[in-house]
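Structure, as structure tokens:
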Amino acid sequence: MLAPCQDIIEDIEDLISSQDITPKERYSARKNVTVRSKRKQVTEDVPEPPIFDSIVPGTQTIYTKTWGCTHNNSDSEYMAGQLAAYGYKLTENKYEADLWLLNSCTVKSPAEDHFRNEIEAGRKMGKHVVVAGCVPQGAPKSSFLQGLSMIGVQQIDRVVEVVEETLKGNTVRFLQQKKEAGKKIGGASLRLPKIRRNPLIEIIAINTGCLNQCTYCKTKHARGELGSYPPDEIVERAIQAFDEGVCELWLTSEDTGTYGRDIGTSLPELLWALVKVVPDGCRVRVGMTNPPYILEYLEEMSKILSHPKVYSFLHIPVQSGSDQVLADMKREYTRGDFERVVNFLRERVPELTIATDIICGFPTETEQDFEETMKLCEKYKFPSLFVNQFFPRPGTPAARMTRIPTQIVKNRTKRLSEFFQSYFPYFDRIGLVQEVLVTEISHDRKHYVGHNKSYEQVLLPLKEEYLGKIVRVKIVETTKYSMKGEPIIEGTSPALKPCLPKGAISGIPMEMKSSKYRIGVALAILLAIILRLLWKFFMI
């Protein structure tokens with residue numbers, strides 16, 4: 001019997017995994033496919049992962065871990081759904097898994113460091129490791145990724161193929177950008193099966209990529225230029241999610257405000273179409289949007305954010321209060337533009353929550369520039385303020401700029417963080433009655449977590465009848481980050497459709513549920529077994 005082949009197959013567009021033959025033989029007739037021998041690294045403390053001969057799905061166990069934004073989380077849900085639909089067992093116990101699927105984030109250095117550490121841990125434990133997300137997509141030649149299978153951000157529909165080949169000892173990389181008639185499309189299909197992290201929350205990526213060229217950002221290297229999903233596909237996915245008992249819809253992307261500019265539509269048009277299919281008792285949360293792309297839609301956005309089925313919440317990163325720094329960042333707006341957005345929406349949307357981000361210590365930031373940022377934050381006292389220390393990301397223009405001394409950056413970060421901690425946005429809420437949509441459990445597992453119309457966090461008692469419902473509560477306590485609500489039982493929303501159990505596969509296409517599909521899969525597996533037996537017979 002031949003020993004399993006261990007080869008590297010880079011940038012494969014088509015992988016026929018139903019035949020247990022070597023990649024060199026499989027692709028010998030194909031063009032533009034590179035096959036080279038895998039260089040084994042002999043290391044005493046890094047065991048070789050086991051090679052699996054079996055090609056029957058469902059015989060191995062997969063562990064997944066995700067870093068980064070909700071778009072990354074959505075990608076992980078789709079990859080988990082495909083693996084489970086194909087028969088693989090998913091586990092939250094990394095130690096019992098045969099393969100680790102790690103979905104990475106490249107926005108900040110600490111996230112990438114954690115990702116790299118997890119790869120090293122998996123290798124030391126003798127696990128097969130597959131990497132996904134923005135790190136391998138943006139920097140596939142990184143030394144710590146060598147020898148690993150990779151899934152690009154627009155290739156998540158190929159995860160079963162990559163996992164299957166990796167378990168057989170091969171290294172496979174799918175990193176191409178998807179295009180249609182020379183034009184970039186949104187990415188993997190929204191019709192893919194998925195396993196929701198939270199059965200009550202559906203995350204839909206409405207577009208990928210962005211239009212900016214921010215000098216500090218590496219995500220553009222991975223996600224690329226703007227590619228929007230057609231509105232009907234997004235609405236179709238939302239309808240399916242609500243039919244499966246979802247009560248909260250998150251719209252995500254690198255910049256939701258740019259949605260539709262490449263396909264002749266807009267974010268407000270999409271939102272009005274979605275609102276029509278949102279059932280009573282459910283709500284929509286709009287994801288992050290940069291200031292330049294919402295300026296022309298302020299009137300429409302104010303109406304949408306005031307709608308009872310849409311959270312009065314918007315995440316608008318400003319990054320700096322200095323026009324000079326914003327120009328050096330290539331953010332394509334001024335502080336005045338940002339303030340116009342905030343002022344306009346605050347005036348027209350009752351109890352609107354604006355969340356924003358600040359980068360402290362950008363290379364060209366002077367002390368006066370930082371003072372401008374402090375004044376902006378003091379003016380608005382944002383209830384959600386994400387304070388970030390500047391980290392140079394390799395390959396970005398900002399990484400080539402002369403850095404500010406580390407201690408100055410830390411001091412500025414500390415000063416802004418201390419200011420944020422100094423005020424309490426909910427101190428005057430005690431005694432108010434609010435309607436809260438309950439969707440999660442708190443980290444300490446002592447409360448359910450809900451959000452009011454402003455998407456402010458409210459903690460409730462752990463009573464199962466509240467989960468997935470809009471509950472009328474009286475605020476009895478407040479903290480810096482949340483409030484506690486005492487439920488008024490008669491205020492609960494009408495019962496919705498029961499949600500899928502945790503871990504259940506959502507959104508399996510109809511053709512995958514049909515007898516025709518099941519017969520096709522059975523025949524494919526049978527053919528694979530026959531081909532494998534014939535191969536082994538002739539090689540004896």
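Residues are named by chain letter and number: chains run A, B, ... in the order of the structure tokens, numbers start at 1 in each chain, and ligands are numbered from 1 in the order shown.
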task: Would you please extract all helix (DSSP H, G or I) residues from segment 285-434 of chain A, as assigned by DSSP on the backbone, and give them as a ChimeraX atom specification?
output: /A:291-293,295-305,323-329,335-348,367-380,397-400,406-421
message: Report as a PyMOL selection string all protein, DNA and RNA residues lying within 9 Å of Tyr229 of chain A, evaluated on only C-alpha atoms, omitting residues in the same chain fewer than 2 positions from it.
response: chain A and resi 185-187+189-190+205-208+227+231-234+259-260+263
field: Exercise: segment 384-400 of chain A partners within 6 Å, only C-alpha atoms, chain neighbours under 3 positions left out, as a ChimeraX atom specification
entry: /A:215-216,355-362
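With only C-alpha atoms as the atoms that count, the minimum distance from Thr219 of chain A to the choices A:Val135, A:Val436, A:Val286, A:Ile488 is reached by A:Val135.
With distances restricted to only C-alpha atoms, A:Gly152 is the closest residue to Arg223 of chain A from A:Gly152, A:Pro291, A:Gly126, A:Pro279.
For the pair atom CA of Glu477 of chain A and atom CA of Ser422 of chain A, the interatomic distance is 18.0 Å.
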- prompt: Would you give me, as an MDAnalysis selection string, the residues in segment 175-249 of chain A that DSSP reads as strand (DSSP E or B)?
  reply: chainID A and resid 179:180 183:184 194 201:205 207:208 210 225 227:228 248:249
- prompt: Nearest to Arg123 of chain A among A:Leu148, A:Val107, A:Leu376, A:Cys217, with distances taken over only C-alpha atoms: which residue is it?
  reply: A:Leu148
- request: Quick one: everything within 8 Å of Pro461 of chain A, counting only C-alpha atoms, minus sequence neighbours fewer than 4 positions away in the same chain. Send it as a PyMOL selection string.
  value: chain A and resi 446-448+486
Mind writing the picked residues with N, CA and C atoms as a PDB file, in the first residue's frame?
ATOM      1  N   LYS A 446     -25.260  35.051  34.681  1.00  0.00           N
ATOM      2  CA  LYS A 446     -26.209  35.327  35.761  1.00  0.00           C
ATOM      3  C   LYS A 446     -27.422  36.121  35.286  1.00  0.00           C
ATOM      4  N   HIS A 447     -27.353  36.643  34.065  1.00  0.00           N
ATOM      5  CA  HIS A 447     -28.437  37.467  33.532  1.00  0.00           C
ATOM      6  C   HIS A 447     -28.640  37.180  32.053  1.00  0.00           C
ATOM      7  N   TYR A 448     -29.853  37.470  31.589  1.00  0.00           N
ATOM      8  CA  TYR A 448     -30.063  37.588  30.156  1.00  0.00           C
ATOM      9  C   TYR A 448     -29.714  39.018  29.753  1.00  0.00           C
ATOM     10  N   GLU A 486     -36.214  45.524  35.564  1.00  0.00           N
ATOM     11  CA  GLU A 486     -37.175  44.664  36.270  1.00  0.00           C
ATOM     12  C   GLU A 486     -38.357  44.446  35.334  1.00  0.00           C
TER      13      GLU A 486
END
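Interatomic distance, atom CA of Trp67 of chain A against atom CA of Ser506 of chain A: 22.0 Å.
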What's around Tyr95 of chain A at 10 Å? Count only C-alpha atoms, leave out sequence neighbours fewer than 2 positions away in its own chain, and write the answer as a PDB file with all heavy atoms, in the first residue's frame.
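Produced file around.pdb, reproduced below:
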ATOM      1  N   TYR A  63     -12.625  21.856  15.116  1.00  0.00           N
ATOM      2  CA  TYR A  63     -12.726  22.951  16.089  1.00  0.00           C
ATOM      3  C   TYR A  63     -12.536  24.271  15.345  1.00  0.00           C
ATOM      4  O   TYR A  63     -11.632  24.399  14.513  1.00  0.00           O
ATOM      5  CB  TYR A  63     -11.645  22.795  17.165  1.00  0.00           C
ATOM      6  CG  TYR A  63     -11.382  24.034  18.002  1.00  0.00           C
ATOM      7  CD1 TYR A  63     -12.270  24.439  18.997  1.00  0.00           C
ATOM      8  CD2 TYR A  63     -10.216  24.792  17.800  1.00  0.00           C
ATOM      9  CE1 TYR A  63     -12.016  25.575  19.761  1.00  0.00           C
ATOM     10  CE2 TYR A  63      -9.957  25.922  18.576  1.00  0.00           C
ATOM     11  CZ  TYR A  63     -10.853  26.299  19.551  1.00  0.00           C
ATOM     12  OH  TYR A  63     -10.611  27.417  20.310  1.00  0.00           O
ATOM     13  N   THR A  91     -16.855  20.776  17.265  1.00  0.00           N
ATOM     14  CA  THR A  91     -16.676  20.716  18.713  1.00  0.00           C
ATOM     15  C   THR A  91     -16.139  22.038  19.234  1.00  0.00           C
ATOM     16  O   THR A  91     -15.453  22.768  18.514  1.00  0.00           O
ATOM     17  CB  THR A  91     -15.705  19.583  19.107  1.00  0.00           C
ATOM     18  OG1 THR A  91     -15.557  19.561  20.540  1.00  0.00           O
ATOM     19  CG2 THR A  91     -14.335  19.786  18.479  1.00  0.00           C
ATOM     20  N   GLU A  92     -16.454  22.346  20.489  1.00  0.00           N
ATOM     21  CA  GLU A  92     -15.882  23.508  21.151  1.00  0.00           C
ATOM     22  C   GLU A  92     -14.671  23.115  21.979  1.00  0.00           C
ATOM     23  O   GLU A  92     -14.035  23.965  22.606  1.00  0.00           O
ATOM     24  CB  GLU A  92     -16.938  24.175  22.036  1.00  0.00           C
ATOM     25  CG  GLU A  92     -18.106  24.760  21.248  1.00  0.00           C
ATOM     26  CD  GLU A  92     -19.134  25.441  22.121  1.00  0.00           C
ATOM     27  OE1 GLU A  92     -18.952  25.424  23.362  1.00  0.00           O
ATOM     28  OE2 GLU A  92     -20.110  25.995  21.585  1.00  0.00           O
ATOM     29  N   ASN A  93     -14.356  21.830  21.974  1.00  0.00           N
ATOM     30  CA  ASN A  93     -13.199  21.313  22.711  1.00  0.00           C
ATOM     31  C   ASN A  93     -12.034  21.126  21.748  1.00  0.00           C
ATOM     32  O   ASN A  93     -12.004  20.175  20.964  1.00  0.00           O
ATOM     33  CB  ASN A  93     -13.563  19.985  23.384  1.00  0.00           C
ATOM     34  CG  ASN A  93     -12.439  19.446  24.258  1.00  0.00           C
ATOM     35  OD1 ASN A  93     -11.288  19.869  24.150  1.00  0.00           O
ATOM     36  ND2 ASN A  93     -12.771  18.501  25.122  1.00  0.00           N
ATOM     37  N   ALA A  97     -10.382  17.700  18.931  1.00  0.00           N
ATOM     38  CA  ALA A  97     -10.551  17.917  17.491  1.00  0.00           C
ATOM     39  C   ALA A  97      -9.384  17.330  16.708  1.00  0.00           C
ATOM     40  O   ALA A  97      -8.236  17.310  17.162  1.00  0.00           O
ATOM     41  CB  ALA A  97     -10.685  19.402  17.201  1.00  0.00           C
ATOM     42  N   ASP A  98      -9.682  16.859  15.480  1.00  0.00           N
ATOM     43  CA  ASP A  98      -8.648  16.399  14.567  1.00  0.00           C
ATOM     44  C   ASP A  98      -8.052  17.566  13.783  1.00  0.00           C
ATOM     45  O   ASP A  98      -6.890  17.515  13.369  1.00  0.00           O
ATOM     46  CB  ASP A  98      -9.233  15.385  13.576  1.00  0.00           C
ATOM     47  CG  ASP A  98      -9.809  14.172  14.278  1.00  0.00           C
ATOM     48  OD1 ASP A  98      -9.064  13.528  15.038  1.00  0.00           O
ATOM     49  OD2 ASP A  98     -11.012  13.883  14.079  1.00  0.00           O
ATOM     50  N   LEU A  99      -8.861  18.620  13.579  1.00  0.00           N
ATOM     51  CA  LEU A  99      -8.411  19.759  12.782  1.00  0.00           C
ATOM     52  C   LEU A  99      -8.915  21.047  13.395  1.00  0.00           C
ATOM     53  O   LEU A  99     -10.053  21.114  13.863  1.00  0.00           O
ATOM     54  CB  LEU A  99      -8.905  19.622  11.339  1.00  0.00           C
ATOM     55  CG  LEU A  99      -8.547  20.720  10.355  1.00  0.00           C
ATOM     56  CD1 LEU A  99      -8.266  20.132   8.966  1.00  0.00           C
ATOM     57  CD2 LEU A  99      -9.662  21.769  10.238  1.00  0.00           C
ATOM     58  N   TRP A 100      -8.066  22.079  13.376  1.00  0.00           N
ATOM     59  CA  TRP A 100      -8.452  23.401  13.860  1.00  0.00           C
ATOM     60  C   TRP A 100      -8.642  24.321  12.663  1.00  0.00           C
ATOM     61  O   TRP A 100      -7.741  24.448  11.814  1.00  0.00           O
ATOM     62  CB  TRP A 100      -7.383  23.996  14.768  1.00  0.00           C
ATOM     63  CG  TRP A 100      -7.232  23.305  16.086  1.00  0.00           C
ATOM     64  CD1 TRP A 100      -7.823  22.151  16.498  1.00  0.00           C
ATOM     65  CD2 TRP A 100      -6.401  23.741  17.171  1.00  0.00           C
ATOM     66  NE1 TRP A 100      -7.428  21.833  17.772  1.00  0.00           N
ATOM     67  CE2 TRP A 100      -6.551  22.794  18.212  1.00  0.00           C
ATOM     68  CE3 TRP A 100      -5.551  24.822  17.367  1.00  0.00           C
ATOM     69  CZ2 TRP A 100      -5.868  22.913  19.427  1.00  0.00           C
ATOM     70  CZ3 TRP A 100      -4.875  24.943  18.579  1.00  0.00           C
ATOM     71  CH2 TRP A 100      -5.037  23.996  19.599  1.00  0.00           C
ATOM     72  N   GLY A 122      -1.610  24.692  18.100  1.00  0.00           N
ATOM     73  CA  GLY A 122      -2.162  23.564  17.363  1.00  0.00           C
ATOM     74  C   GLY A 122      -1.093  22.668  16.792  1.00  0.00           C
ATOM     75  O   GLY A 122      -1.204  21.427  16.839  1.00  0.00           O
ATOM     76  N   MET A 125       0.461  20.492  19.398  1.00  0.00           N
ATOM     77  CA  MET A 125      -0.427  19.400  19.835  1.00  0.00           C
ATOM     78  C   MET A 125      -0.639  18.366  18.730  1.00  0.00           C
ATOM     79  O   MET A 125      -1.396  17.418  18.909  1.00  0.00           O
ATOM     80  CB  MET A 125      -1.773  19.979  20.265  1.00  0.00           C
ATOM     81  CG  MET A 125      -1.700  20.817  21.538  1.00  0.00           C
ATOM     82  SD  MET A 125      -3.238  21.705  21.881  1.00  0.00           S
ATOM     83  CE  MET A 125      -4.385  20.346  22.034  1.00  0.00           C
ATOM     84  N   LYS A 127      -2.056  18.870  15.746  1.00  0.00           N
ATOM     85  CA  LYS A 127      -3.335  19.035  15.066  1.00  0.00           C
ATOM     86  C   LYS A 127      -3.126  19.504  13.621  1.00  0.00           C
ATOM     87  O   LYS A 127      -2.181  20.225  13.321  1.00  0.00           O
ATOM     88  CB  LYS A 127      -4.196  20.076  15.791  1.00  0.00           C
ATOM     89  CG  LYS A 127      -4.447  19.772  17.262  1.00  0.00           C
ATOM     90  CD  LYS A 127      -5.277  18.517  17.458  1.00  0.00           C
ATOM     91  CE  LYS A 127      -5.600  18.309  18.934  1.00  0.00           C
ATOM     92  NZ  LYS A 127      -6.381  17.057  19.140  1.00  0.00           N
TER      93      LYS A 127
END
Would you list the contacts of Ile62 of chain A as an mmCIF file with N, CA and C atoms, in the first residue's frame, taking every protein, DNA or RNA residue within 12 Å and counting only C-alpha atoms, but skipping same-chain residues closer than 5 positions in sequence?
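For reference, part37.cif as written:
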data_model
loop_
_atom_site.group_PDB
_atom_site.id
_atom_site.type_symbol
_atom_site.label_atom_id
_atom_site.label_comp_id
_atom_site.auth_asym_id
_atom_site.auth_seq_id
_atom_site.Cartn_x
_atom_site.Cartn_y
_atom_site.Cartn_z
ATOM 1 N N PRO A 57 -17.125 11.462 4.584
ATOM 2 C CA PRO A 57 -17.289 12.618 5.473
ATOM 3 C C PRO A 57 -17.908 12.225 6.806
ATOM 4 N N MET A 79 -18.872 28.670 7.207
ATOM 5 C CA MET A 79 -17.936 27.551 7.087
ATOM 6 C C MET A 79 -18.351 26.397 7.993
ATOM 7 N N ALA A 80 -18.782 26.722 9.207
ATOM 8 C CA ALA A 80 -19.249 25.674 10.124
ATOM 9 C C ALA A 80 -20.474 24.965 9.555
ATOM 10 N N GLY A 81 -21.380 25.724 8.948
ATOM 11 C CA GLY A 81 -22.590 25.127 8.378
ATOM 12 C C GLY A 81 -22.272 24.156 7.255
ATOM 13 N N GLN A 82 -21.332 24.526 6.403
ATOM 14 C CA GLN A 82 -20.971 23.634 5.298
ATOM 15 C C GLN A 82 -20.319 22.359 5.801
ATOM 16 N N LEU A 83 -19.441 22.489 6.776
ATOM 17 C CA LEU A 83 -18.763 21.311 7.320
ATOM 18 C C LEU A 83 -19.761 20.371 7.988
ATOM 19 N N ALA A 84 -20.681 20.947 8.755
ATOM 20 C CA ALA A 84 -21.686 20.121 9.431
ATOM 21 C C ALA A 84 -22.630 19.478 8.426
ATOM 22 N N GLY A 87 -21.198 16.474 6.998
ATOM 23 C CA GLY A 87 -21.088 15.333 7.908
ATOM 24 C C GLY A 87 -20.024 15.448 8.966
ATOM 25 N N TYR A 88 -19.200 16.488 8.942
ATOM 26 C CA TYR A 88 -18.169 16.624 9.957
ATOM 27 C C TYR A 88 -18.785 17.006 11.298
ATOM 28 N N LYS A 89 -18.165 16.521 12.361
ATOM 29 C CA LYS A 89 -18.603 16.851 13.712
ATOM 30 C C LYS A 89 -17.860 18.100 14.179
ATOM 31 N N LEU A 90 -18.600 19.102 14.662
ATOM 32 C CA LEU A 90 -17.992 20.318 15.192
ATOM 33 C C LEU A 90 -17.921 20.235 16.704
ATOM 34 N N THR A 91 -16.855 20.776 17.265
ATOM 35 C CA THR A 91 -16.676 20.716 18.713
ATOM 36 C C THR A 91 -16.139 22.038 19.234
ATOM 37 N N GLU A 92 -16.454 22.346 20.489
ATOM 38 C CA GLU A 92 -15.882 23.508 21.151
ATOM 39 C C GLU A 92 -14.671 23.115 21.979
ATOM 40 N N ASN A 93 -14.356 21.830 21.974
ATOM 41 C CA ASN A 93 -13.199 21.313 22.711
ATOM 42 C C ASN A 93 -12.034 21.126 21.748
ATOM 43 N N LYS A 94 -11.082 22.038 21.795
ATOM 44 C CA LYS A 94 -9.972 21.990 20.847
ATOM 45 C C LYS A 94 -9.109 20.742 20.999
ATOM 46 N N TYR A 95 -9.106 20.176 22.191
ATOM 47 C CA TYR A 95 -8.219 19.042 22.452
ATOM 48 C C TYR A 95 -8.713 17.755 21.796
ATOM 49 N N GLU A 96 -10.023 17.636 21.596
ATOM 50 C CA GLU A 96 -10.546 16.418 20.988
ATOM 51 C C GLU A 96 -10.660 16.517 19.472
ATOM 52 N N ALA A 97 -10.382 17.700 18.931
ATOM 53 C CA ALA A 97 -10.551 17.917 17.491
ATOM 54 C C ALA A 97 -9.384 17.330 16.708
ATOM 55 N N ASP A 98 -9.682 16.859 15.480
ATOM 56 C CA ASP A 98 -8.648 16.399 14.567
ATOM 57 C C ASP A 98 -8.052 17.566 13.783
ATOM 58 N N LEU A 99 -8.861 18.620 13.579
ATOM 59 C CA LEU A 99 -8.411 19.759 12.782
ATOM 60 C C LEU A 99 -8.915 21.047 13.395
ATOM 61 N N TRP A 100 -8.066 22.079 13.376
ATOM 62 C CA TRP A 100 -8.452 23.401 13.860
ATOM 63 C C TRP A 100 -8.642 24.321 12.663
ATOM 64 N N LEU A 101 -9.788 24.985 12.589
ATOM 65 C CA LEU A 101 -10.070 25.987 11.563
ATOM 66 C C LEU A 101 -10.036 27.347 12.238
ATOM 67 N N LEU A 102 -9.017 28.156 11.930
ATOM 68 C CA LEU A 102 -8.780 29.423 12.610
ATOM 69 C C LEU A 102 -9.040 30.583 11.663
ATOM 70 N N LYS A 127 -2.056 18.870 15.746
ATOM 71 C CA LYS A 127 -3.335 19.035 15.066
ATOM 72 C C LYS A 127 -3.126 19.504 13.621
ATOM 73 N N HIS A 128 -4.027 19.100 12.738
ATOM 74 C CA HIS A 128 -4.088 19.721 11.423
ATOM 75 C C HIS A 128 -4.633 21.130 11.625
ATOM 76 N N VAL A 129 -4.071 22.113 10.919
ATOM 77 C CA VAL A 129 -4.503 23.505 11.058
ATOM 78 C C VAL A 129 -4.831 24.083 9.682
ATOM 79 N N VAL A 130 -6.022 24.675 9.567
ATOM 80 C CA VAL A 130 -6.431 25.415 8.375
ATOM 81 C C VAL A 130 -6.662 26.854 8.798
ATOM 82 N N VAL A 159 -14.600 25.422 1.809
ATOM 83 C CA VAL A 159 -14.016 24.958 3.071
ATOM 84 C C VAL A 159 -14.010 23.435 3.198
ATOM 85 N N VAL A 160 -15.046 22.766 2.694
ATOM 86 C CA VAL A 160 -15.091 21.306 2.800
ATOM 87 C C VAL A 160 -13.927 20.685 2.028
ATOM 88 N N VAL A 163 -10.603 21.339 3.980
ATOM 89 C CA VAL A 163 -10.515 20.510 5.180
ATOM 90 C C VAL A 163 -10.243 19.056 4.811
ATOM 91 N N GLU A 164 -10.939 18.556 3.821
ATOM 92 C CA GLU A 164 -10.788 17.161 3.429
ATOM 93 C C GLU A 164 -9.364 16.871 2.954
ATOM 94 N N THR A 166 -6.659 18.641 3.632
ATOM 95 C CA THR A 166 -5.718 18.850 4.737
ATOM 96 C C THR A 166 -5.651 17.618 5.626
ATOM 97 N N LEU A 167 -6.800 17.014 5.889
ATOM 98 C CA LEU A 167 -6.822 15.799 6.711
ATOM 99 C C LEU A 167 -6.090 14.636 6.043
#
- prompt: Could you name the residues that touch segment 430-432 of chain A at 7 Å or less, counting only C-alpha atoms, but leaving out those on the same chain fewer than 3 positions away, as a PyMOL selection string?
  reply: chain A and resi 474-477
statement: The residue from A:Leu274, A:Met329, A:Ile294, A:Val162 with the smallest atom-to-atom distance to Ile316 of chain A, counting only C-alpha atoms, is A:Ile294
